[in-house]
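Structure first, commentary second.
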Amino acid sequence: MNMDYDLFMREITTTARNEMEAAGYEQLQTPEAVVEAFQRPGTTLVMVNSVCGCAGGIARPAAAYSVHYDKRPDHLVTVFAGQDKEATAEARYLFGEDHIPSSPSFVLLKDGQVVAEVGRYEIEGHDPSSVVANLQGHFDEHCEEM
């Protein structure tokens, strides 16, 4: 069996992007789009997407499910680590020097400032429902009821 690696990766990437868009997340594919999104008033959940197994099996399902809640962020956005490299680098730069880059991960912003993070270590090896509970705990603390 001969598999074209690039074709395989495009299919995985397309599926991952489509899952996030179906859940209501805006794709940020350029540094300019990141800067614009991070300047929005209110709360913004940033999902740093990835092609790894814990992104597909845990983080993306948690991203989709967590926002079906009374309190949720005003804006949902995503950058794709390893795919949209410049956009991801800009997001990580704007997260600040205390941010430990990881993917998948979540960062909650309030008026452009980091107020909470869920890193890979809180995703990998956990089930989606525990990640949802973690995210919703941050929503309770920082978001308004919708």
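Here, A, B, ... name the chains of the structure tokens in the order displayed, residue numbers run from 1 inside each chain, and ligands are numbered from 1 in the same displayed order.
The protein and nucleic acid residues lying at most 12 Å from Asp111 (chain A) are Glu36, Ala37, Phe38, Gln39, Arg40, Pro41, Gly42, Thr43, Thr44, Leu45, Pro73, Asp74, His75, Leu108, Leu109, Gln113, Val114, Val115, His142 and Cys143 of chain A, with only C-alpha atoms considered and sequence neighbours fewer than 2 positions away removed.
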Residue contacts of Tyr121 (chain A) (10 Å, only C-alpha atoms) excluding same-chain residues fewer than 4 positions away, as an MDAnalysis selection string:
chainID A and resid 102:105 125:126
Dump of all heavy atoms for the selected residues, as a PDB file, in the first residue's frame:
```pdb
ATOM      1  N   SER A 102       1.807  25.026  23.833  1.00  0.00           N
ATOM      2  CA  SER A 102       1.443  23.611  23.727  1.00  0.00           C
ATOM      3  C   SER A 102       0.254  23.506  22.787  1.00  0.00           C
ATOM      4  O   SER A 102      -0.514  24.449  22.619  1.00  0.00           O
ATOM      5  CB  SER A 102       1.111  23.015  25.099  1.00  0.00           C
ATOM      6  OG  SER A 102      -0.054  23.570  25.650  1.00  0.00           O
ATOM      7  N   SER A 103       0.151  22.357  22.186  1.00  0.00           N
ATOM      8  CA  SER A 103      -1.009  22.097  21.342  1.00  0.00           C
ATOM      9  C   SER A 103      -1.370  20.623  21.479  1.00  0.00           C
ATOM     10  O   SER A 103      -0.478  19.787  21.544  1.00  0.00           O
ATOM     11  CB  SER A 103      -0.722  22.460  19.880  1.00  0.00           C
ATOM     12  OG  SER A 103       0.373  21.752  19.380  1.00  0.00           O
ATOM     13  N   PRO A 104      -2.653  20.393  21.608  1.00  0.00           N
ATOM     14  CA  PRO A 104      -3.726  21.365  21.660  1.00  0.00           C
ATOM     15  C   PRO A 104      -3.730  22.089  23.009  1.00  0.00           C
ATOM     16  O   PRO A 104      -3.157  21.616  23.990  1.00  0.00           O
ATOM     17  CB  PRO A 104      -4.982  20.509  21.495  1.00  0.00           C
ATOM     18  CG  PRO A 104      -4.614  19.204  22.127  1.00  0.00           C
ATOM     19  CD  PRO A 104      -3.165  19.018  21.787  1.00  0.00           C
ATOM     20  N   SER A 105      -4.393  23.228  23.018  1.00  0.00           N
ATOM     21  CA  SER A 105      -4.571  23.973  24.256  1.00  0.00           C
ATOM     22  C   SER A 105      -5.671  24.997  24.050  1.00  0.00           C
ATOM     23  O   SER A 105      -6.138  25.219  22.928  1.00  0.00           O
ATOM     24  CB  SER A 105      -3.267  24.656  24.682  1.00  0.00           C
ATOM     25  OG  SER A 105      -2.861  25.612  23.726  1.00  0.00           O
ATOM     26  N   GLY A 125      -4.545  12.512  28.065  1.00  0.00           N
ATOM     27  CA  GLY A 125      -4.746  11.552  29.143  1.00  0.00           C
ATOM     28  C   GLY A 125      -6.007  11.781  29.953  1.00  0.00           C
ATOM     29  O   GLY A 125      -6.298  11.039  30.874  1.00  0.00           O
ATOM     30  N   HIS A 126      -6.754  12.820  29.622  1.00  0.00           N
ATOM     31  CA  HIS A 126      -8.021  13.108  30.285  1.00  0.00           C
ATOM     32  C   HIS A 126      -9.162  12.806  29.318  1.00  0.00           C
ATOM     33  O   HIS A 126      -8.955  12.705  28.115  1.00  0.00           O
ATOM     34  CB  HIS A 126      -8.081  14.577  30.710  1.00  0.00           C
ATOM     35  CG  HIS A 126      -7.070  14.940  31.745  1.00  0.00           C
ATOM     36  ND1 HIS A 126      -5.753  15.205  31.443  1.00  0.00           N
ATOM     37  CD2 HIS A 126      -7.175  15.063  33.082  1.00  0.00           C
ATOM     38  CE1 HIS A 126      -5.090  15.487  32.555  1.00  0.00           C
ATOM     39  NE2 HIS A 126      -5.927  15.414  33.564  1.00  0.00           N
TER      40      HIS A 126
END
```
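CA of Phe106 (chain A) is found 11.3 Å from CA of Ala91 (chain A).
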Just the number, please: distance in Å from CA of Glu144 (chain A) to CA of Ser130 (chain A), one decimal.
21.6 Å
Which of region 44-144 of chain A counts as strand (DSSP E or B) under DSSP, as a list in words please?
Thr44, Leu45, Val46, Met47, Val48, Asn49, Lys71, His75, Leu76, Val77, Thr78, Val79, Phe80, Ser105, Phe106, Val107, Leu108, Leu109, Lys110, Gln113, Val114, Val115, Ala116, Glu117 and Val118 of chain A
Which of chain A fall in alpha helix (DSSP H), as a count of residues only:
61
